[in-house]
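This is protein38.txt. It holds compact mmCIF, C-alpha atoms.
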```
# COMPACT_ATOMS: atom_id res chain seq x y z
CA MET A 1 26.49 -8.25 -16.85
CA SER A 2 24.29 -10.80 -18.56
CA LYS A 3 20.62 -10.38 -17.91
CA ASN A 4 20.45 -13.94 -16.55
CA THR A 5 23.38 -13.54 -14.15
CA THR A 6 22.68 -14.21 -10.49
CA VAL A 7 24.60 -12.11 -7.99
CA THR A 8 24.78 -11.98 -4.22
CA ALA A 9 23.32 -9.12 -2.21
CA GLY A 10 25.78 -6.28 -1.77
CA SER A 11 27.95 -7.20 -4.79
CA LEU A 12 26.10 -5.21 -7.45
CA SER A 13 27.86 -2.58 -9.51
CA GLN A 14 26.61 1.01 -9.44
CA ARG A 15 25.11 0.56 -12.92
CA ASP A 16 23.24 -2.61 -11.94
CA THR A 17 21.98 -0.96 -8.77
CA LEU A 18 20.67 2.04 -10.74
CA THR A 19 19.04 -0.26 -13.31
CA GLY A 20 17.34 -2.22 -10.55
CA MET A 21 16.19 0.99 -8.84
CA LEU A 22 14.57 2.35 -12.03
CA ILE A 23 12.72 -0.88 -12.79
CA ILE A 24 11.52 -1.39 -9.21
CA ALA A 25 10.47 2.29 -9.02
CA PHE A 26 8.25 1.69 -12.04
CA MET A 27 6.81 -1.36 -10.28
CA PHE A 28 6.01 0.70 -7.17
CA PHE A 29 4.24 3.20 -9.41
CA MET A 30 2.09 0.36 -10.74
CA PHE A 31 1.46 -0.85 -7.16
CA GLY A 32 0.09 2.58 -6.30
CA PHE A 33 -1.87 2.96 -9.52
CA THR A 34 -3.73 -0.35 -9.15
CA SER A 35 -4.24 0.00 -5.38
CA TRP A 36 -5.41 3.60 -4.99
CA ILE A 37 -7.90 3.34 -7.84
CA ASN A 38 -10.07 1.32 -5.42
CA ALA A 39 -11.03 4.59 -3.72
CA ILE A 40 -13.06 5.57 -6.78
CA LEU A 41 -14.18 2.04 -7.70
CA ILE A 42 -16.08 1.82 -4.39
CA PRO A 43 -18.57 4.68 -5.12
CA TYR A 44 -18.60 3.73 -8.82
CA PHE A 45 -19.76 0.17 -8.11
CA LYS A 46 -22.08 1.39 -5.36
CA ILE A 47 -23.96 3.52 -7.88
CA SER A 48 -23.85 1.07 -10.79
CA PHE A 49 -25.01 -1.97 -8.80
CA GLU A 50 -27.15 -0.09 -6.24
CA LEU A 51 -25.12 -1.55 -3.37
CA SER A 52 -25.26 -0.97 0.34
CA HIS A 53 -22.20 0.55 2.05
CA VAL A 54 -21.12 -2.87 3.31
CA GLN A 55 -21.45 -4.45 -0.12
CA SER A 56 -19.45 -1.65 -1.77
CA TYR A 57 -16.60 -2.05 0.72
CA LEU A 58 -16.19 -5.63 -0.43
CA VAL A 59 -13.99 -3.99 -3.08
CA THR A 60 -11.38 -3.29 -0.40
CA PHE A 61 -11.92 -6.61 1.33
CA ALA A 62 -11.55 -8.69 -1.86
CA PHE A 63 -8.45 -6.76 -2.83
CA TYR A 64 -6.53 -6.91 0.46
CA ILE A 65 -7.60 -10.33 1.72
CA SER A 66 -5.54 -11.80 -1.13
CA TYR A 67 -2.40 -10.45 0.57
CA LEU A 68 -3.22 -12.54 3.60
CA ILE A 69 -3.89 -15.67 1.54
CA PHE A 70 -1.16 -15.55 -1.10
CA SER A 71 1.87 -13.99 0.58
CA VAL A 72 3.32 -17.24 1.96
CA PRO A 73 2.68 -19.26 -1.25
CA ALA A 74 4.33 -16.36 -3.10
CA SER A 75 7.51 -16.79 -1.08
CA TYR A 76 7.77 -20.46 -2.04
CA LEU A 77 7.20 -19.58 -5.69
CA LEU A 78 9.97 -16.97 -5.53
CA LYS A 79 12.24 -19.50 -3.85
CA ASN A 80 11.74 -21.88 -6.78
CA VAL A 81 11.75 -19.51 -9.76
CA GLY A 82 13.67 -16.45 -8.52
CA PHE A 83 12.77 -12.78 -8.34
CA LYS A 84 12.48 -11.97 -12.06
CA LYS A 85 10.28 -14.90 -13.09
CA GLY A 86 8.23 -14.37 -9.95
CA MET A 87 7.65 -10.73 -10.83
CA MET A 88 6.63 -11.73 -14.35
CA ILE A 89 4.07 -14.19 -12.98
CA GLY A 90 2.80 -11.53 -10.58
CA PHE A 91 2.10 -9.12 -13.42
CA TRP A 92 0.42 -11.88 -15.42
CA VAL A 93 -1.88 -12.72 -12.50
CA MET A 94 -2.76 -9.02 -12.25
CA SER A 95 -3.37 -8.98 -16.01
CA THR A 96 -5.81 -11.88 -15.63
CA GLY A 97 -7.68 -9.95 -12.95
CA ALA A 98 -7.94 -6.87 -15.16
CA PHE A 99 -9.25 -8.93 -18.10
CA LEU A 100 -11.95 -10.38 -15.79
CA PHE A 101 -13.48 -6.90 -15.70
CA VAL A 102 -14.52 -7.36 -19.33
CA PRO A 103 -16.93 -10.32 -18.88
CA ALA A 104 -17.97 -8.87 -15.52
CA ALA A 105 -19.08 -5.65 -17.23
CA ILE A 106 -20.78 -7.47 -20.12
CA THR A 107 -22.79 -9.71 -17.75
CA MET A 108 -23.23 -7.05 -15.03
CA THR A 109 -21.87 -9.49 -12.41
CA TYR A 110 -20.52 -7.80 -9.27
CA GLU A 111 -19.08 -11.07 -7.95
CA LEU A 112 -16.95 -11.40 -11.09
CA PHE A 113 -15.61 -7.89 -10.53
CA LEU A 114 -14.67 -8.93 -6.99
CA LEU A 115 -12.90 -12.00 -8.38
CA GLY A 116 -10.99 -9.72 -10.73
CA LEU A 117 -9.97 -7.49 -7.82
CA PHE A 118 -9.01 -10.56 -5.80
CA SER A 119 -6.77 -11.68 -8.70
CA ILE A 120 -5.17 -8.26 -9.00
CA GLY A 121 -4.50 -8.35 -5.26
CA ALA A 122 -3.02 -11.84 -5.55
CA GLY A 123 -0.61 -10.65 -8.23
CA LEU A 124 0.31 -7.65 -6.12
CA ALA A 125 0.95 -9.92 -3.13
CA LEU A 126 3.52 -11.80 -5.21
CA LEU A 127 5.07 -8.57 -6.51
CA GLN A 128 5.20 -7.00 -3.04
CA THR A 129 6.79 -10.16 -1.64
CA ALA A 130 9.50 -9.85 -4.31
CA ALA A 131 9.95 -6.09 -4.61
CA ASN A 132 10.21 -5.04 -0.95
CA PRO A 133 13.06 -7.38 0.04
CA TYR A 134 14.64 -6.71 -3.35
CA ILE A 135 14.81 -2.96 -2.74
CA THR A 136 16.05 -3.67 0.81
CA ILE A 137 19.06 -5.69 -0.37
CA LEU A 138 19.63 -3.84 -3.65
CA GLY A 139 22.21 -1.55 -2.05
CA PRO A 140 23.83 -0.67 1.28
CA LYS A 141 21.60 -1.54 4.24
CA GLU A 142 22.04 1.89 5.82
CA ARG A 143 20.56 3.51 2.69
CA ALA A 144 17.49 1.26 2.48
CA ALA A 145 15.17 3.97 3.85
CA GLN A 146 16.46 6.34 1.17
CA ARG A 147 15.59 3.82 -1.54
CA PHE A 148 12.17 3.16 0.01
CA SER A 149 11.52 6.92 0.07
CA ILE A 150 12.04 7.02 -3.70
CA MET A 151 9.66 4.08 -4.07
CA GLY A 152 7.16 5.84 -1.80
CA ILE A 153 7.10 8.92 -4.02
CA CYS A 154 6.39 6.71 -7.04
CA ASN A 155 3.63 4.89 -5.13
CA LYS A 156 1.90 7.96 -3.70
CA GLY A 157 2.33 9.93 -6.93
CA ALA A 158 0.44 7.16 -8.71
CA GLY A 159 -2.13 7.30 -5.91
CA ILE A 160 -2.85 10.93 -6.73
CA LEU A 161 -2.86 10.34 -10.49
CA ALA A 162 -4.86 7.10 -10.76
CA PRO A 163 -8.30 8.32 -9.54
CA LEU A 164 -8.01 11.44 -11.71
CA LEU A 165 -7.24 9.41 -14.83
CA PHE A 166 -9.94 6.84 -14.08
CA ALA A 167 -12.54 9.56 -13.53
CA ALA A 168 -11.49 11.34 -16.73
CA VAL A 169 -11.85 8.15 -18.79
CA ILE A 170 -15.01 6.74 -17.19
CA PHE A 171 -17.19 9.73 -16.31
CA LYS A 172 -18.84 12.16 -18.73
CA ALA A 173 -19.86 15.77 -18.17
CA THR A 174 -23.54 14.79 -18.39
CA ASP A 175 -23.31 12.10 -15.70
CA SER A 176 -23.92 14.48 -12.81
CA ALA A 177 -27.37 15.48 -14.08
CA MET A 178 -28.18 11.88 -14.97
CA LEU A 179 -27.31 10.60 -11.50
CA ASP A 180 -29.32 13.39 -9.88
CA ASN A 181 -32.40 12.06 -11.70
CA ILE A 182 -31.87 8.39 -10.80
CA SER A 183 -34.51 8.46 -8.07
CA THR A 184 -37.19 9.51 -10.56
CA MET A 185 -36.44 6.70 -13.06
CA SER A 186 -38.28 3.43 -13.38
CA GLN A 187 -36.34 0.22 -12.71
CA ALA A 188 -36.17 -0.52 -16.45
CA GLU A 189 -34.67 2.92 -17.12
CA LYS A 190 -32.20 2.43 -14.28
CA ASP A 191 -31.11 -0.92 -15.70
CA VAL A 192 -30.31 0.71 -19.05
CA VAL A 193 -28.37 3.56 -17.42
CA PHE A 194 -26.41 1.32 -15.06
CA HIS A 195 -25.59 -1.16 -17.83
CA GLU A 196 -24.19 1.66 -19.98
CA LEU A 197 -22.28 3.06 -17.00
CA ILE A 198 -20.64 -0.20 -15.99
CA GLN A 199 -19.63 -1.09 -19.54
CA ARG A 200 -17.36 1.94 -19.64
CA VAL A 201 -14.73 -0.04 -17.73
CA ILE A 202 -14.30 -2.55 -20.58
CA VAL A 203 -11.89 -0.57 -22.77
CA PRO A 204 -9.69 0.87 -20.00
CA TYR A 205 -9.34 -2.44 -18.15
CA ALA A 206 -8.71 -4.36 -21.38
CA CYS A 207 -5.89 -1.90 -22.02
CA VAL A 208 -4.64 -2.25 -18.44
CA GLY A 209 -4.68 -6.05 -18.74
CA THR A 210 -2.67 -5.92 -21.97
CA PHE A 211 -0.22 -3.43 -20.46
CA LEU A 212 0.32 -5.57 -17.34
CA PHE A 213 0.96 -8.66 -19.48
CA LEU A 214 3.58 -6.78 -21.51
CA ILE A 215 5.21 -5.43 -18.33
CA GLY A 216 5.58 -9.02 -17.13
CA LEU A 217 7.43 -9.92 -20.31
CA PHE A 218 9.60 -6.83 -20.00
CA ILE A 219 10.58 -7.66 -16.40
CA ARG A 220 11.43 -11.25 -17.35
CA PHE A 221 13.82 -10.21 -20.12
CA SER A 222 15.01 -6.94 -18.57
CA PRO A 223 18.56 -6.33 -17.29
CA LEU A 224 17.18 -6.45 -13.74
CA PRO A 225 19.83 -8.44 -11.83
CA GLU A 226 18.76 -11.64 -10.08
CA ILE A 227 19.89 -11.43 -6.45
CA ASP A 228 20.75 -14.64 -4.62
CA THR A 229 19.34 -14.72 -1.08
CA GLU A 230 19.68 -18.47 -0.58
CA HIS A 231 23.44 -18.51 0.02
CA GLU A 232 24.34 -16.80 3.27
CA SER A 233 27.56 -15.15 4.32
CA ASP A 234 29.65 -17.07 6.85
CA GLU A 235 28.58 -14.69 9.61
CA VAL A 236 24.85 -15.00 8.82
CA ALA A 237 25.10 -18.76 8.26
CA GLN A 238 26.71 -19.21 11.66
CA ALA A 239 24.11 -17.03 13.36
CA ASN A 240 21.29 -18.98 11.66
CA SER A 241 22.81 -22.44 12.00
CA SER A 242 20.28 -23.50 14.64
CA LYS A 243 17.29 -21.80 12.95
CA THR A 244 14.69 -23.99 11.27
CA SER A 245 11.72 -21.60 11.06
CA ILE A 246 10.97 -17.90 10.70
CA THR A 247 9.20 -18.07 14.08
CA GLN A 248 12.70 -18.18 15.57
CA PHE A 249 13.32 -14.59 14.46
CA PRO A 250 11.50 -12.37 17.00
CA HIS A 251 12.53 -9.16 15.25
CA LEU A 252 10.79 -10.43 12.08
CA ILE A 253 7.56 -11.52 13.79
CA LEU A 254 7.35 -8.26 15.73
CA GLY A 255 8.18 -6.35 12.54
CA ALA A 256 5.37 -8.04 10.62
CA PHE A 257 2.90 -6.95 13.31
CA ALA A 258 4.40 -3.46 13.15
CA ILE A 259 3.69 -3.39 9.40
CA PHE A 260 0.10 -4.53 10.10
CA LEU A 261 -0.41 -1.59 12.47
CA HIS A 262 1.49 0.88 10.31
CA VAL A 263 -0.50 0.31 7.10
CA GLY A 264 -3.69 0.44 9.15
CA THR A 265 -2.79 3.84 10.64
CA GLN A 266 -1.80 5.07 7.19
CA VAL A 267 -5.09 4.13 5.52
CA ILE A 268 -7.06 5.56 8.47
CA SER A 269 -5.32 8.92 8.02
CA ILE A 270 -6.27 8.99 4.33
CA ASP A 271 -9.62 7.22 4.12
CA THR A 272 -11.28 8.83 7.16
CA VAL A 273 -10.25 12.44 6.62
CA ILE A 274 -13.19 13.23 4.29
CA SER A 275 -15.80 11.88 6.69
CA TYR A 276 -14.11 13.66 9.61
CA ALA A 277 -14.18 16.90 7.63
CA GLY A 278 -17.89 16.28 7.12
CA THR A 279 -18.43 16.51 10.88
CA MET A 280 -17.18 20.12 10.59
CA ASN A 281 -19.83 20.96 7.97
CA LEU A 282 -17.43 20.75 5.02
CA ASN A 283 -19.31 19.40 2.01
CA LEU A 284 -17.97 16.58 -0.15
CA ILE A 285 -16.82 18.91 -2.93
CA GLU A 286 -14.59 20.82 -0.50
CA ALA A 287 -13.54 17.85 1.63
CA LYS A 288 -12.48 15.59 -1.25
CA VAL A 289 -9.09 17.33 -1.53
CA PHE A 290 -7.94 16.44 2.01
CA PRO A 291 -6.66 12.94 1.14
CA SER A 292 -4.44 14.63 -1.46
CA TYR A 293 -3.09 16.91 1.27
CA THR A 294 -2.20 13.85 3.36
CA LEU A 295 -0.50 12.17 0.41
CA THR A 296 1.39 15.40 -0.34
CA ALA A 297 2.61 15.50 3.27
CA GLN A 298 3.89 11.94 2.83
CA ILE A 299 5.70 12.83 -0.38
CA CYS A 300 7.36 15.81 1.37
CA ALA A 301 8.63 13.49 4.09
CA TYR A 302 9.89 11.05 1.46
CA LEU A 303 11.91 13.88 -0.09
CA ILE A 304 13.40 14.60 3.33
CA GLY A 305 14.35 10.93 3.60
CA ILE A 306 16.03 10.96 0.19
CA VAL A 307 18.10 14.06 0.97
CA PHE A 308 19.00 13.50 4.62
CA ILE A 309 19.28 9.69 5.06
CA PRO A 310 21.95 8.56 5.92
CA LYS A 311 24.06 11.72 5.47
CA PHE A 312 22.55 13.66 8.36
CA PHE A 313 20.64 11.03 10.33
CA SER A 314 20.08 7.29 10.15
CA GLN A 315 16.96 5.48 8.98
CA LEU A 316 16.55 4.18 12.55
CA THR A 317 16.46 7.75 13.84
CA ALA A 318 13.90 8.62 11.16
CA LEU A 319 11.75 5.67 12.28
CA ARG A 320 11.93 6.70 15.92
CA VAL A 321 11.08 10.34 15.20
CA SER A 322 8.19 9.30 12.92
CA THR A 323 6.60 6.97 15.48
CA ILE A 324 6.89 9.52 18.29
CA LEU A 325 5.39 12.16 15.99
CA GLY A 326 2.48 9.77 15.38
CA ILE A 327 1.72 9.67 19.11
CA ILE A 328 1.93 13.46 19.41
CA LEU A 329 -0.35 14.06 16.42
CA THR A 330 -2.89 11.50 17.67
CA LEU A 331 -3.17 13.34 20.99
CA LEU A 332 -3.46 16.67 19.17
CA ILE A 333 -6.28 15.29 16.99
CA ILE A 334 -8.21 14.30 20.10
CA TYR A 335 -7.50 17.27 22.36
CA ALA A 336 -6.67 20.28 20.15
CA LYS A 337 -9.65 22.49 19.33
CA GLY A 338 -10.21 25.81 17.59
CA GLN A 339 -11.25 27.17 14.20
CA VAL A 340 -8.48 27.96 11.70
CA SER A 341 -8.47 29.17 8.11
CA PHE A 342 -5.82 27.64 5.86
CA LEU A 343 -5.57 26.97 2.11
CA GLY A 344 -9.06 28.37 1.66
CA HIS A 345 -10.64 26.05 4.25
CA THR A 346 -12.12 27.02 7.60
CA ASN A 347 -12.34 24.10 9.99
CA ASP A 348 -11.27 22.75 13.37
CA ILE A 349 -7.49 22.58 13.69
CA SER A 350 -7.66 18.87 14.53
CA LEU A 351 -8.42 18.14 10.86
CA TRP A 352 -4.99 19.45 9.89
CA PHE A 353 -3.37 17.17 12.45
CA VAL A 354 -5.04 14.23 10.66
CA VAL A 355 -3.48 15.53 7.43
CA MET A 356 -0.08 15.81 9.14
CA LEU A 357 -0.21 12.10 9.96
CA GLY A 358 1.13 11.79 6.43
CA LEU A 359 4.44 13.11 7.78
CA ALA A 360 4.44 10.61 10.65
CA ASN A 361 3.56 7.63 8.45
CA SER A 362 5.88 8.23 5.52
CA LEU A 363 9.21 6.81 6.77
CA VAL A 364 7.83 4.05 9.02
CA TRP A 365 7.54 1.43 6.25
CA ALA A 366 11.04 2.28 5.05
CA GLY A 367 12.40 1.96 8.58
CA ILE A 368 10.74 -1.33 9.52
CA TRP A 369 11.58 -3.43 6.44
CA PRO A 370 15.39 -3.43 6.69
CA LEU A 371 15.25 -3.96 10.45
CA ALA A 372 12.83 -6.89 10.18
CA LEU A 373 14.73 -8.61 7.34
CA ASP A 374 18.16 -8.08 8.87
CA GLY A 375 20.13 -11.31 9.13
CA LEU A 376 17.44 -13.61 7.69
CA GLY A 377 19.68 -15.00 4.95
CA ARG A 378 17.97 -18.00 3.35
CA PHE A 379 14.77 -17.10 5.23
CA THR A 380 14.51 -13.72 3.44
CA LYS A 381 11.76 -14.66 0.95
CA ILE A 382 9.50 -16.37 3.49
CA GLY A 383 10.18 -13.52 5.92
CA ALA A 384 9.15 -11.01 3.28
CA SER A 385 5.93 -12.93 2.68
CA LEU A 386 5.10 -12.64 6.38
CA MET A 387 5.69 -8.89 6.19
CA VAL A 388 3.42 -8.58 3.15
CA MET A 389 0.69 -10.44 5.03
CA GLY A 390 0.71 -7.46 7.36
CA LEU A 391 -0.91 -5.43 4.59
CA ALA A 392 -4.18 -6.98 5.76
CA GLY A 393 -4.13 -4.14 8.28
CA ASN A 394 -5.39 -1.95 5.43
CA ALA A 395 -8.71 -3.78 5.56
CA ILE A 396 -9.06 -4.43 9.29
CA LEU A 397 -8.01 -1.31 11.21
CA PRO A 398 -10.31 1.10 9.31
CA MET A 399 -13.20 -1.17 10.28
CA VAL A 400 -12.10 -0.90 13.91
CA TYR A 401 -12.07 2.88 13.56
CA GLY A 402 -15.57 2.80 12.05
CA TYR A 403 -16.80 0.64 14.93
CA PHE A 404 -15.66 3.25 17.45
CA VAL A 405 -17.19 6.05 15.38
CA ASP A 406 -20.57 4.34 15.75
CA ILE A 407 -20.06 3.93 19.51
CA PHE A 408 -18.49 7.31 20.31
CA ASN A 409 -17.77 9.90 17.61
CA ALA A 410 -15.37 10.56 14.74
CA ARG A 411 -12.85 12.49 16.87
CA ASP A 412 -12.68 10.07 19.81
CA ALA A 413 -12.43 7.11 17.42
CA TYR A 414 -8.90 8.29 16.58
CA TRP A 415 -7.88 6.83 19.94
CA VAL A 416 -7.48 3.61 17.94
CA LEU A 417 -4.25 5.12 16.57
CA PHE A 418 -2.68 5.57 20.00
CA PRO A 419 -1.86 1.93 20.86
CA CYS A 420 -0.73 1.41 17.27
CA TYR A 421 1.87 4.16 17.49
CA MET A 422 2.86 3.04 20.99
CA TYR A 423 3.71 -0.40 19.61
CA LEU A 424 5.59 1.17 16.69
CA VAL A 425 7.66 3.18 19.18
CA PHE A 426 8.40 -0.05 21.07
CA TYR A 427 9.59 -1.72 17.88
CA ALA A 428 11.72 1.28 16.89
CA PHE A 429 13.50 1.39 20.26
CA ARG A 430 13.47 -2.21 21.43
CA GLY A 431 11.62 -4.78 19.32
CA TYR A 432 13.97 -4.75 16.33
CA ARG A 433 16.90 -5.77 18.57
CA LEU A 434 15.36 -9.01 19.80
CA ARG A 435 17.08 -12.07 18.37
CA SER A 436 15.68 -14.55 20.90
CA TRP A 437 12.26 -14.88 22.49
CA LYS A 438 13.96 -15.46 25.85
CA SER A 439 15.33 -11.95 25.80
```

Once more with this new file: its structure as structure tokens, please.
Amino acid sequence: MSKNTTVTAGSLSQRDTLTGMLIIAFMFFMFGFTSWINAILIPYFKISFELSHVQSYLVTFAFYISYLIFSVPASYLLKNVGFKKGMMIGFWVMSTGAFLFVPAAITMTYELFLLGLFSIGAGLALLQTAANPYITILGPKERAAQRFSIMGICNKGAGILAPLLFAAVIFKATDSAMLDNISTMSQAEKDVVFHELIQRVIVPYACVGTFLFLIGLFIRFSPLPEIDTEHESDEVAQANSSKTSITQFPHLILGAFAIFLHVGTQVISIDTVISYAGTMNLNLIEAKVFPSYTLTAQICAYLIGIVFIPKFFSQLTALRVSTILGIILTLLIIYAKGQVSFLGHTNDISLWFVVMLGLANSLVWAGIWPLALDGLGRFTKIGASLMVMGLAGNAILPMVYGYFVDIFNARDAYWVLFPCYMYLVFYAFRGYRLRSWKS
């Protein structure tokens, strides 16, 4: 097949499907690499710019708010230029954001770093809007969760690797002693230290920017098949003949809200586990490994999805089991008590139930996407953009959790997960079926 050939969904050869899978898997790895590195950028910027906690968390806000702003414009761009050109532009926007780190470091301007992160997020919004529906329609619908599980392993594997690589490149063995002595330095000495520290991002981010630009070129001229979503089958066209807006697809709107809640519960399970471990007198050095445990649990569940879906059970069954497991684990976090020793750690058993949320969260994304995009036809790209907007839950729900921590305590704040999983259960059993608001 020519690299410029446009084909309809479901008509790809096995070779084209495999080619598409490999290229999109690489893209999901890059999604994870550029997203999860924020976890280490937050304390890095906090130290280098002497920021408050709120100011340092603007890293997350600047990154994810771009999903909310650019997802819908991204769908119109994809509609005009297609998937491949759209992906190329997405990587180039990310490249621009990475290059902004260079003048930001030279001038020591935190706001310019935030603009760079905002640009990287904008590029990712475009790529997510293209890649998620692409992987949904790249093969048989009943195997979509299997394909998403492969993408999830690439994403979470990059999430484990990225902070380690960043720390290895940026930090030196002598930094620990230097940072311990910060409080005894004069402001002039601090300025010299912080300026040297922040300039260490110049070389790695210049390399990242160049790499992202080249990836964009590769995607544009790669054998990745261009899938046509604008021409509907007779059955879909007839079903959508009276539809003029995506608001007329209840299963899509409800699915987008499900994604909002799902990504929020996922980031809560990963980003709060260290602080929750701290309430059990585990120091930071010991507690820092718990997010990796959660990510490992997710990868294990992805492997289950790859092997067993759809041979032994359907992706809908996997979604239903995962959402119910989320409710059970939430209640166990809140009510289960008792000291346990496991993997060299001694802590309250509820901490391990937070880790096990990785199992509950892993196959939810893969289950929701094909259900929400089912039957959209020519509305697929704009529908996907609405789903990507749901990624704003990454920024909002952790703040809700933090609010309840301040009011109650870290354990009781996990009640915020309960209504989220209840809604996800509703969508898995009922919401995805709705094709009319009257029903």

Proximity check range 8-102 of chain A to range 254-262 of chain A, 12 Å, nearest pairs one decimal Å, all atoms listed in the file, as JSON lines:
```
{"residue": "A:Tyr64", "atom": "CA", "partner": "A:Phe260", "partner_atom": "CA", "distance": 11.9}
{"residue": "A:Tyr67", "atom": "CA", "partner": "A:Phe260", "partner_atom": "CA", "distance": 11.5}
{"residue": "A:Leu68", "atom": "CA", "partner": "A:Phe260", "partner_atom": "CA", "distance": 10.8}
```

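Closest approach to Ile246 in chain A among A:Leu138, A:Ala372, A:Ala395, A:Leu41 is made by A:Ala372 (distances from only C-alpha atoms).
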
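Of note, CA of Leu100 in chain A and CA of Ser222 in chain A are spaced 27.3 Å apart.
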
At a cut-off of 10 Å from (6.7, -0.3, -10.8) in the coordinates of the file, what residues are picked up using only C-alpha atoms, written as a list in words?
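Nearby residues: Met21, Leu22, Ile23, Ile24, Ala25, Phe26, Met27, Phe28, Phe29, Met30, Phe31, Gly32, Phe33, Leu127, Ala131, Met151, Cys154, Asn155, Ala158 and Ile215 of chain A.
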
Rank nothing, just name the residue among A:Ser48, A:Thr129, A:Gln248, A:Thr272 nearest to Ile198 in chain A, using all atoms listed in the file.
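Selected residue with least distance to Ile198 in chain A: A:Ser48.
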
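Counting from CA of Lys337 in chain A, the distance to CA of Val273 in chain A is 16.2 Å.
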
Which residue out of A:Gly216, A:Gly123, A:Pro140, A:Gly326 has the minimum interatomic distance to Met422 in chain A when all atoms listed in the file are used?
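Checking each candidate against Met422 in chain A, we get A:Gly326 as the closest.
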
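Put simply, CA of Thr296 in chain A is 8.2 Å away from CA of Lys156 in chain A.
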
I'd like to know which of A:Ala145, A:Ile334, A:Ala167, A:Ala413 is closest to Val307 in chain A, using only C-alpha atoms.
A:Ala145

Pick out the closest residue to Arg433 in chain A from this set: A:Phe290, A:Phe249, A:Phe353, A:Phe83. Count all atoms listed in the file.
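Between A:Phe290, A:Phe249, A:Phe353, A:Phe83, the residue approaching Arg433 in chain A most closely is A:Phe249.
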
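Residue nearest Met280 in chain A, chosen from A:Ile268, A:Asn181, A:Ala410, A:Val364 and counting all atoms listed in the file: A:Ala410.
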
May I have the residues within 12 Å of Val193 in chain A as a ChimeraX atom specification, using all atoms listed in the file and disregarding those fewer than 2 positions away in the same chain?
/A:47-50,175,178-179,181-182,185-191,195-200

With only C-alpha atoms counted, which protein, DNA or RNA residues have an atom no more than 10 Å from (-4.6, 6.9, 20.1) in the file frame? Please answer as a short mmCIF file (atom, residue, chain, number, x, y, z; two decimals) with C-alpha atoms, in the coordinates of the input.
```cif
data_model
loop_
_atom_site.label_atom_id
_atom_site.label_comp_id
_atom_site.auth_asym_id
_atom_site.auth_seq_id
_atom_site.Cartn_x
_atom_site.Cartn_y
_atom_site.Cartn_z
CA GLY A 326 2.48 9.77 15.38
CA ILE A 327 1.72 9.67 19.11
CA ILE A 328 1.93 13.46 19.41
CA LEU A 329 -0.35 14.06 16.42
CA THR A 330 -2.89 11.50 17.67
CA LEU A 331 -3.17 13.34 20.99
CA LEU A 332 -3.46 16.67 19.17
CA ILE A 333 -6.28 15.29 16.99
CA ILE A 334 -8.21 14.30 20.10
CA ASP A 412 -12.68 10.07 19.81
CA ALA A 413 -12.43 7.11 17.42
CA TYR A 414 -8.90 8.29 16.58
CA TRP A 415 -7.88 6.83 19.94
CA VAL A 416 -7.48 3.61 17.94
CA LEU A 417 -4.25 5.12 16.57
CA PHE A 418 -2.68 5.57 20.00
CA PRO A 419 -1.86 1.93 20.86
CA CYS A 420 -0.73 1.41 17.27
CA TYR A 421 1.87 4.16 17.49
CA MET A 422 2.86 3.04 20.99
#
```
